[in-house]
Amino acid sequence: MNETIGNRIAKFRKAKAMTQEDLANQLGVSSQAVSKWENDASCPDISLLPQLCKVLGVTTDELLTGKNDEVKLVPVDQRKSLDALTLRIKVDSAQGDKVRVNLPMSLVKVGLEMGMDISGSVSGMENLKNVDLNKILELAEKGLIGKLVEVESADGDTVEIVVE
């Protein structure tokens, strides 16, 4: 099942320990309007999106698409364990090669401790040879999440590394 904007509004509101009425009061709308949004009977007016996102503490991209590429430092008391984080690597070469790697960060840590080098092990991953995965792991352990690396070479190759 695809997550809807209404599901996301409810999820973000609940994460802030707010009631529908609390959210409605901060936005200057009725609690019935918030209920309709969350039940996908209607959507918030576009002019409310900046304020809605500010109140919920999310970006408009995160609210509208559910994706959050923003890099942020998560406070210590809100951080997930390394076991709950995922390293996502996306490589698209100009020649049409596409590589997608999704690994639990705990597995990345074990692999790095064993001396494994994933950057040279998969065709199309040559673009990762200058990326220090130990530094990515270190940043994740310190609470930094989001799109940590985004590179486009002159040849048209692209690399993205996201920790979420």
# chains A, B, ... in the order shown; residues from 1 in each chain; ligands from 1

call {"tool": "residues_around", "arguments": {"residues": "A:Glu150", "least_positions_apart": "4", "cutoff": "9 Å", "atoms": "only C-alpha atoms", "output": "list of chain:residue names"}}
result
A:Thr158, A:Val159, A:Glu160, A:Ile161, A:Val162

call {"tool": "residues_around", "arguments": {"residues": "stretch 83-98 of chain A", "least_positions_apart": "3", "cutoff": "12 Å", "atoms": "only C-alpha atoms", "output": "PyMOL selection string"}}
result
chain A and resi 69+79-80+101-110+118-119+122-128+131+133+136-137+139-141+143-164

call {"tool": "write_last_selection", "arguments": {"atoms": "N, CA and C atoms", "output": "compact mmCIF listing (two decimals), in the first residue's frame"}}
result
# COMPACT_ATOMS: atom_id res chain seq x y z
N ASP A 69 15.78 13.60 1.71
CA ASP A 69 17.19 13.57 1.34
C ASP A 69 18.00 14.61 2.11
N ARG A 79 18.30 9.29 18.24
CA ARG A 79 19.02 8.51 17.24
C ARG A 79 18.59 7.05 17.24
N LYS A 80 18.58 6.49 16.04
CA LYS A 80 18.34 5.06 15.89
C LYS A 80 19.67 4.33 16.09
N VAL A 101 22.66 -0.42 -4.13
CA VAL A 101 23.10 -1.20 -2.98
C VAL A 101 22.34 -0.69 -1.77
N ASN A 102 21.69 -1.58 -1.04
CA ASN A 102 20.97 -1.25 0.19
C ASN A 102 21.45 -2.22 1.26
N LEU A 103 22.22 -1.71 2.20
CA LEU A 103 22.80 -2.56 3.23
C LEU A 103 22.51 -2.01 4.63
N PRO A 104 22.22 -2.90 5.57
CA PRO A 104 22.12 -2.44 6.97
C PRO A 104 23.48 -1.87 7.40
N MET A 105 23.47 -0.76 8.10
CA MET A 105 24.72 -0.14 8.53
C MET A 105 25.55 -1.06 9.41
N SER A 106 24.88 -1.90 10.18
CA SER A 106 25.64 -2.84 11.02
C SER A 106 26.46 -3.80 10.16
N LEU A 107 25.92 -4.21 9.01
CA LEU A 107 26.65 -5.08 8.09
C LEU A 107 27.80 -4.33 7.43
N VAL A 108 27.58 -3.07 7.11
CA VAL A 108 28.65 -2.24 6.55
C VAL A 108 29.79 -2.15 7.56
N LYS A 109 29.45 -1.93 8.81
CA LYS A 109 30.48 -1.81 9.86
C LYS A 109 31.29 -3.09 9.97
N VAL A 110 30.61 -4.23 10.00
CA VAL A 110 31.31 -5.51 10.10
C VAL A 110 32.21 -5.71 8.88
N ILE A 118 33.75 -2.72 -0.80
CA ILE A 118 32.64 -2.95 -1.71
C ILE A 118 32.74 -2.09 -2.96
N SER A 119 33.56 -1.04 -2.92
CA SER A 119 33.60 -0.13 -4.07
C SER A 119 34.18 -0.77 -5.32
N VAL A 122 31.74 -4.59 -7.43
CA VAL A 122 30.59 -4.65 -8.32
C VAL A 122 30.88 -3.80 -9.56
N SER A 123 30.56 -4.33 -10.73
CA SER A 123 30.74 -3.58 -11.97
C SER A 123 29.97 -2.27 -11.90
N GLY A 124 30.61 -1.18 -12.29
CA GLY A 124 29.96 0.12 -12.25
C GLY A 124 30.22 0.89 -10.97
N MET A 125 30.89 0.24 -10.01
CA MET A 125 31.13 0.88 -8.71
C MET A 125 32.47 1.60 -8.68
N GLU A 126 33.17 1.68 -9.81
CA GLU A 126 34.46 2.36 -9.84
C GLU A 126 34.33 3.80 -9.36
N ASN A 127 33.14 4.36 -9.54
CA ASN A 127 32.88 5.73 -9.11
C ASN A 127 32.98 5.92 -7.61
N LEU A 128 32.97 4.83 -6.86
CA LEU A 128 33.02 4.92 -5.40
C LEU A 128 34.43 4.81 -4.84
N VAL A 131 35.41 7.34 -2.31
CA VAL A 131 34.50 7.56 -1.18
C VAL A 131 34.98 6.72 0.00
N LEU A 133 34.11 4.93 2.99
CA LEU A 133 32.95 4.39 3.70
C LEU A 133 33.15 4.38 5.21
N ILE A 136 31.79 7.63 6.22
CA ILE A 136 30.33 7.60 6.16
C ILE A 136 29.78 6.90 7.41
N LEU A 137 30.39 5.77 7.78
CA LEU A 137 29.99 5.03 8.97
C LEU A 137 30.18 5.89 10.22
N LEU A 139 30.16 9.15 10.46
CA LEU A 139 29.14 10.19 10.47
C LEU A 139 27.79 9.63 10.92
N ALA A 140 27.45 8.44 10.42
CA ALA A 140 26.18 7.81 10.81
C ALA A 140 26.16 7.51 12.30
N GLU A 141 27.28 7.05 12.84
CA GLU A 141 27.36 6.75 14.27
C GLU A 141 27.21 8.02 15.11
N GLY A 143 25.19 10.38 14.30
CA GLY A 143 23.82 10.86 14.17
C GLY A 143 23.51 11.62 12.89
N LEU A 144 24.44 11.65 11.93
CA LEU A 144 24.18 12.35 10.68
C LEU A 144 23.48 11.41 9.71
N ILE A 145 22.31 11.81 9.24
CA ILE A 145 21.56 10.99 8.29
C ILE A 145 21.11 11.85 7.12
N GLY A 146 20.74 11.20 6.03
CA GLY A 146 20.29 11.88 4.83
C GLY A 146 21.23 11.59 3.67
N LYS A 147 21.15 12.41 2.63
CA LYS A 147 22.01 12.22 1.46
C LYS A 147 23.37 12.82 1.78
N LEU A 148 24.33 11.97 2.10
CA LEU A 148 25.65 12.43 2.53
C LEU A 148 26.59 12.69 1.36
N VAL A 149 26.37 12.01 0.24
CA VAL A 149 27.23 12.19 -0.93
C VAL A 149 26.35 12.28 -2.17
N GLU A 150 26.62 13.26 -3.01
CA GLU A 150 25.96 13.38 -4.31
C GLU A 150 27.00 13.94 -5.27
N VAL A 151 27.39 13.13 -6.24
CA VAL A 151 28.44 13.52 -7.18
C VAL A 151 27.98 13.25 -8.60
N GLU A 152 28.25 14.19 -9.48
CA GLU A 152 28.06 13.96 -10.92
C GLU A 152 29.37 14.28 -11.60
N SER A 153 29.93 13.28 -12.28
CA SER A 153 31.22 13.49 -12.94
C SER A 153 31.02 14.20 -14.27
N ALA A 154 32.12 14.69 -14.83
CA ALA A 154 32.08 15.34 -16.13
C ALA A 154 31.63 14.38 -17.22
N ASP A 155 31.83 13.08 -16.99
CA ASP A 155 31.43 12.06 -17.96
C ASP A 155 29.94 11.75 -17.89
N GLY A 156 29.24 12.29 -16.88
CA GLY A 156 27.81 12.03 -16.74
C GLY A 156 27.47 10.92 -15.77
N ASP A 157 28.47 10.38 -15.05
CA ASP A 157 28.21 9.36 -14.03
C ASP A 157 27.69 10.06 -12.78
N THR A 158 26.74 9.43 -12.09
CA THR A 158 26.24 10.00 -10.84
C THR A 158 26.33 8.97 -9.73
N VAL A 159 26.62 9.47 -8.54
CA VAL A 159 26.71 8.64 -7.34
C VAL A 159 25.96 9.36 -6.23
N GLU A 160 25.11 8.63 -5.53
CA GLU A 160 24.42 9.14 -4.35
C GLU A 160 24.61 8.14 -3.22
N ILE A 161 24.91 8.66 -2.04
CA ILE A 161 25.01 7.81 -0.85
C ILE A 161 24.11 8.42 0.22
N VAL A 162 23.15 7.61 0.67
CA VAL A 162 22.17 8.07 1.65
C VAL A 162 22.21 7.13 2.84
N VAL A 163 22.14 7.69 4.02
CA VAL A 163 21.98 6.92 5.25
C VAL A 163 20.62 7.28 5.81
N GLU A 164 19.79 6.25 6.02
CA GLU A 164 18.45 6.51 6.59
C GLU A 164 18.05 5.42 7.53

call {"tool": "closest_atom_pairs", "arguments": {"of": "stretch 30-105 of chain A", "to": "stretch 13-20 of chain A", "cutoff": "7 Å", "atoms": "only C-alpha atoms", "output": "tab-separated table"}}
result
residue	atom	partner	partner_atom	distance
A:Ser31	CA	A:Gln20	CA	5.6
A:Val34	CA	A:Gln20	CA	6.1
A:Ser35	CA	A:Gln20	CA	6.8
A:Leu56	CA	A:Arg13	CA	6.1

call {"tool": "atom_distance", "arguments": {"atom1": "atom CA of A:Asp117", "atom2": "atom CA of A:Val74"}}
result
27.8 Å

call {"tool": "select_by_dssp", "arguments": {"residues": "stretch 20-111 of chain A", "states": "strand (DSSP E or B)", "output": "PDB file with all heavy atoms, in the first residue's frame"}}
result
ATOM      1  N   LYS A  72      20.696  15.751   8.128  1.00  0.00           N
ATOM      2  CA  LYS A  72      20.438  16.348   9.434  1.00  0.00           C
ATOM      3  C   LYS A  72      21.157  15.561  10.513  1.00  0.00           C
ATOM      4  O   LYS A  72      21.403  14.363  10.378  1.00  0.00           O
ATOM      5  CB  LYS A  72      18.952  16.462   9.718  1.00  0.00           C
ATOM      6  CG  LYS A  72      18.175  15.186   9.706  1.00  0.00           C
ATOM      7  CD  LYS A  72      16.684  15.481   9.912  1.00  0.00           C
ATOM      8  CE  LYS A  72      15.856  14.275   9.569  1.00  0.00           C
ATOM      9  NZ  LYS A  72      14.426  14.557   9.623  1.00  0.00           N
ATOM     10  N   LEU A  73      21.487  16.287  11.568  1.00  0.00           N
ATOM     11  CA  LEU A  73      22.120  15.689  12.730  1.00  0.00           C
ATOM     12  C   LEU A  73      21.023  15.398  13.736  1.00  0.00           C
ATOM     13  O   LEU A  73      20.356  16.309  14.227  1.00  0.00           O
ATOM     14  CB  LEU A  73      23.161  16.633  13.325  1.00  0.00           C
ATOM     15  CG  LEU A  73      23.949  16.110  14.519  1.00  0.00           C
ATOM     16  CD1 LEU A  73      24.736  14.855  14.153  1.00  0.00           C
ATOM     17  CD2 LEU A  73      24.884  17.182  15.041  1.00  0.00           C
ATOM     18  N   THR A  86      20.116   2.194   7.342  1.00  0.00           N
ATOM     19  CA  THR A  86      20.429   1.552   6.074  1.00  0.00           C
ATOM     20  C   THR A  86      21.325   2.470   5.249  1.00  0.00           C
ATOM     21  O   THR A  86      21.077   3.670   5.173  1.00  0.00           O
ATOM     22  CB  THR A  86      19.144   1.255   5.273  1.00  0.00           C
ATOM     23  OG1 THR A  86      18.302   0.422   6.059  1.00  0.00           O
ATOM     24  CG2 THR A  86      19.449   0.562   3.956  1.00  0.00           C
ATOM     25  N   LEU A  87      22.341   1.882   4.636  1.00  0.00           N
ATOM     26  CA  LEU A  87      23.198   2.592   3.690  1.00  0.00           C
ATOM     27  C   LEU A  87      22.662   2.303   2.297  1.00  0.00           C
ATOM     28  O   LEU A  87      22.551   1.147   1.896  1.00  0.00           O
ATOM     29  CB  LEU A  87      24.645   2.107   3.798  1.00  0.00           C
ATOM     30  CG  LEU A  87      25.612   2.713   2.772  1.00  0.00           C
ATOM     31  CD1 LEU A  87      25.864   4.187   3.086  1.00  0.00           C
ATOM     32  CD2 LEU A  87      26.918   1.948   2.758  1.00  0.00           C
ATOM     33  N   ARG A  88      22.289   3.364   1.583  1.00  0.00           N
ATOM     34  CA  ARG A  88      21.786   3.218   0.217  1.00  0.00           C
ATOM     35  C   ARG A  88      22.771   3.898  -0.737  1.00  0.00           C
ATOM     36  O   ARG A  88      23.049   5.086  -0.593  1.00  0.00           O
ATOM     37  CB  ARG A  88      20.406   3.851   0.077  1.00  0.00           C
ATOM     38  CG  ARG A  88      19.383   3.230   1.004  1.00  0.00           C
ATOM     39  CD  ARG A  88      17.969   3.650   0.663  1.00  0.00           C
ATOM     40  NE  ARG A  88      17.019   3.244   1.678  1.00  0.00           N
ATOM     41  CZ  ARG A  88      16.582   2.012   1.873  1.00  0.00           C
ATOM     42  NH1 ARG A  88      17.022   1.053   1.106  1.00  0.00           N
ATOM     43  NH2 ARG A  88      15.714   1.732   2.828  1.00  0.00           N
ATOM     44  N   ILE A  89      23.270   3.114  -1.678  1.00  0.00           N
ATOM     45  CA  ILE A  89      24.201   3.639  -2.675  1.00  0.00           C
ATOM     46  C   ILE A  89      23.543   3.489  -4.040  1.00  0.00           C
ATOM     47  O   ILE A  89      23.052   2.411  -4.380  1.00  0.00           O
ATOM     48  CB  ILE A  89      25.549   2.882  -2.655  1.00  0.00           C
ATOM     49  CG1 ILE A  89      26.189   2.989  -1.267  1.00  0.00           C
ATOM     50  CG2 ILE A  89      26.480   3.424  -3.729  1.00  0.00           C
ATOM     51  CD1 ILE A  89      27.442   2.146  -1.098  1.00  0.00           C
ATOM     52  N   LYS A  90      23.539   4.573  -4.792  1.00  0.00           N
ATOM     53  CA  LYS A  90      22.956   4.569  -6.132  1.00  0.00           C
ATOM     54  C   LYS A  90      24.012   5.088  -7.090  1.00  0.00           C
ATOM     55  O   LYS A  90      24.517   6.210  -6.916  1.00  0.00           O
ATOM     56  CB  LYS A  90      21.724   5.468  -6.147  1.00  0.00           C
ATOM     57  CG  LYS A  90      21.088   5.649  -7.497  1.00  0.00           C
ATOM     58  CD  LYS A  90      19.899   6.611  -7.376  1.00  0.00           C
ATOM     59  CE  LYS A  90      19.417   7.043  -8.736  1.00  0.00           C
ATOM     60  NZ  LYS A  90      18.388   8.067  -8.655  1.00  0.00           N
ATOM     61  N   VAL A  91      24.350   4.269  -8.081  1.00  0.00           N
ATOM     62  CA  VAL A  91      25.317   4.656  -9.093  1.00  0.00           C
ATOM     63  C   VAL A  91      24.662   4.504 -10.460  1.00  0.00           C
ATOM     64  O   VAL A  91      24.138   3.441 -10.777  1.00  0.00           O
ATOM     65  CB  VAL A  91      26.600   3.785  -9.036  1.00  0.00           C
ATOM     66  CG1 VAL A  91      27.580   4.204 -10.116  1.00  0.00           C
ATOM     67  CG2 VAL A  91      27.242   3.850  -7.659  1.00  0.00           C
ATOM     68  N   ASP A  92      24.684   5.564 -11.257  1.00  0.00           N
ATOM     69  CA  ASP A  92      24.205   5.524 -12.640  1.00  0.00           C
ATOM     70  C   ASP A  92      25.349   5.991 -13.521  1.00  0.00           C
ATOM     71  O   ASP A  92      25.802   7.130 -13.395  1.00  0.00           O
ATOM     72  CB  ASP A  92      23.002   6.447 -12.839  1.00  0.00           C
ATOM     73  CG  ASP A  92      21.756   5.957 -12.121  1.00  0.00           C
ATOM     74  OD1 ASP A  92      21.617   4.743 -11.922  1.00  0.00           O
ATOM     75  OD2 ASP A  92      20.913   6.805 -11.752  1.00  0.00           O
ATOM     76  N   LYS A  98      23.418   0.683 -14.041  1.00  0.00           N
ATOM     77  CA  LYS A  98      22.729   1.134 -12.831  1.00  0.00           C
ATOM     78  C   LYS A  98      23.045   0.149 -11.713  1.00  0.00           C
ATOM     79  O   LYS A  98      22.837  -1.044 -11.867  1.00  0.00           O
ATOM     80  CB  LYS A  98      21.217   1.205 -13.052  1.00  0.00           C
ATOM     81  CG  LYS A  98      20.799   2.251 -14.066  1.00  0.00           C
ATOM     82  CD  LYS A  98      19.294   2.342 -14.161  1.00  0.00           C
ATOM     83  CE  LYS A  98      18.826   3.305 -15.204  1.00  0.00           C
ATOM     84  NZ  LYS A  98      19.275   4.648 -15.062  1.00  0.00           N
ATOM     85  N   VAL A  99      23.542   0.683 -10.615  1.00  0.00           N
ATOM     86  CA  VAL A  99      23.867  -0.145  -9.453  1.00  0.00           C
ATOM     87  C   VAL A  99      23.118   0.422  -8.257  1.00  0.00           C
ATOM     88  O   VAL A  99      23.150   1.626  -8.009  1.00  0.00           O
ATOM     89  CB  VAL A  99      25.391  -0.145  -9.173  1.00  0.00           C
ATOM     90  CG1 VAL A  99      25.703  -0.964  -7.928  1.00  0.00           C
ATOM     91  CG2 VAL A  99      26.163  -0.654 -10.372  1.00  0.00           C
ATOM     92  N   ARG A 100      22.438  -0.451  -7.531  1.00  0.00           N
ATOM     93  CA  ARG A 100      21.724  -0.069  -6.315  1.00  0.00           C
ATOM     94  C   ARG A 100      22.176  -0.996  -5.198  1.00  0.00           C
ATOM     95  O   ARG A 100      22.082  -2.214  -5.338  1.00  0.00           O
ATOM     96  CB  ARG A 100      20.203  -0.195  -6.483  1.00  0.00           C
ATOM     97  CG  ARG A 100      19.618   0.568  -7.656  1.00  0.00           C
ATOM     98  CD  ARG A 100      19.749   2.082  -7.453  1.00  0.00           C
ATOM     99  NE  ARG A 100      19.124   2.839  -8.515  1.00  0.00           N
ATOM    100  CZ  ARG A 100      19.768   3.324  -9.582  1.00  0.00           C
ATOM    101  NH1 ARG A 100      21.054   3.095  -9.727  1.00  0.00           N
ATOM    102  NH2 ARG A 100      19.129   4.027 -10.489  1.00  0.00           N
ATOM    103  N   VAL A 101      22.663  -0.418  -4.127  1.00  0.00           N
ATOM    104  CA  VAL A 101      23.101  -1.201  -2.976  1.00  0.00           C
ATOM    105  C   VAL A 101      22.337  -0.687  -1.767  1.00  0.00           C
ATOM    106  O   VAL A 101      22.336   0.513  -1.496  1.00  0.00           O
ATOM    107  CB  VAL A 101      24.625  -1.065  -2.745  1.00  0.00           C
ATOM    108  CG1 VAL A 101      25.060  -1.829  -1.512  1.00  0.00           C
ATOM    109  CG2 VAL A 101      25.406  -1.519  -3.973  1.00  0.00           C
ATOM    110  N   ASN A 102      21.692  -1.581  -1.038  1.00  0.00           N
ATOM    111  CA  ASN A 102      20.975  -1.248   0.194  1.00  0.00           C
ATOM    112  C   ASN A 102      21.454  -2.217   1.261  1.00  0.00           C
ATOM    113  O   ASN A 102      21.128  -3.402   1.208  1.00  0.00           O
ATOM    114  CB  ASN A 102      19.461  -1.377  -0.006  1.00  0.00           C
ATOM    115  CG  ASN A 102      18.941  -0.421  -1.052  1.00  0.00           C
ATOM    116  OD1 ASN A 102      19.020   0.783  -0.880  1.00  0.00           O
ATOM    117  ND2 ASN A 102      18.433  -0.952  -2.141  1.00  0.00           N
ATOM    118  N   LEU A 103      22.221  -1.710   2.202  1.00  0.00           N
ATOM    119  CA  LEU A 103      22.798  -2.563   3.233  1.00  0.00           C
ATOM    120  C   LEU A 103      22.511  -2.011   4.627  1.00  0.00           C
ATOM    121  O   LEU A 103      22.598  -0.798   4.840  1.00  0.00           O
ATOM    122  CB  LEU A 103      24.325  -2.633   3.071  1.00  0.00           C
ATOM    123  CG  LEU A 103      24.867  -3.277   1.806  1.00  0.00           C
ATOM    124  CD1 LEU A 103      26.367  -3.055   1.714  1.00  0.00           C
ATOM    125  CD2 LEU A 103      24.551  -4.761   1.801  1.00  0.00           C
ATOM    126  N   PRO A 104      22.218  -2.897   5.571  1.00  0.00           N
ATOM    127  CA  PRO A 104      22.122  -2.440   6.969  1.00  0.00           C
ATOM    128  C   PRO A 104      23.477  -1.871   7.403  1.00  0.00           C
ATOM    129  O   PRO A 104      24.526  -2.436   7.067  1.00  0.00           O
ATOM    130  CB  PRO A 104      21.796  -3.714   7.746  1.00  0.00           C
ATOM    131  CG  PRO A 104      21.325  -4.693   6.722  1.00  0.00           C
ATOM    132  CD  PRO A 104      21.974  -4.326   5.434  1.00  0.00           C
TER     133      PRO A 104
END

call {"tool": "closest_residue", "arguments": {"among": "A:Lys142, A:Glu113, A:Val76, A:Arg8", "to": "A:Cys53", "atoms": "only C-alpha atoms"}}
result
A:Arg8

call {"tool": "residues_around", "arguments": {"residues": "A:Pro44", "least_positions_apart": "6", "cutoff": "10 Å", "atoms": "only C-alpha atoms", "output": "number ranges by chain"}}
result
A: 5-6, 9, 29, 33-34, 36-38, 52
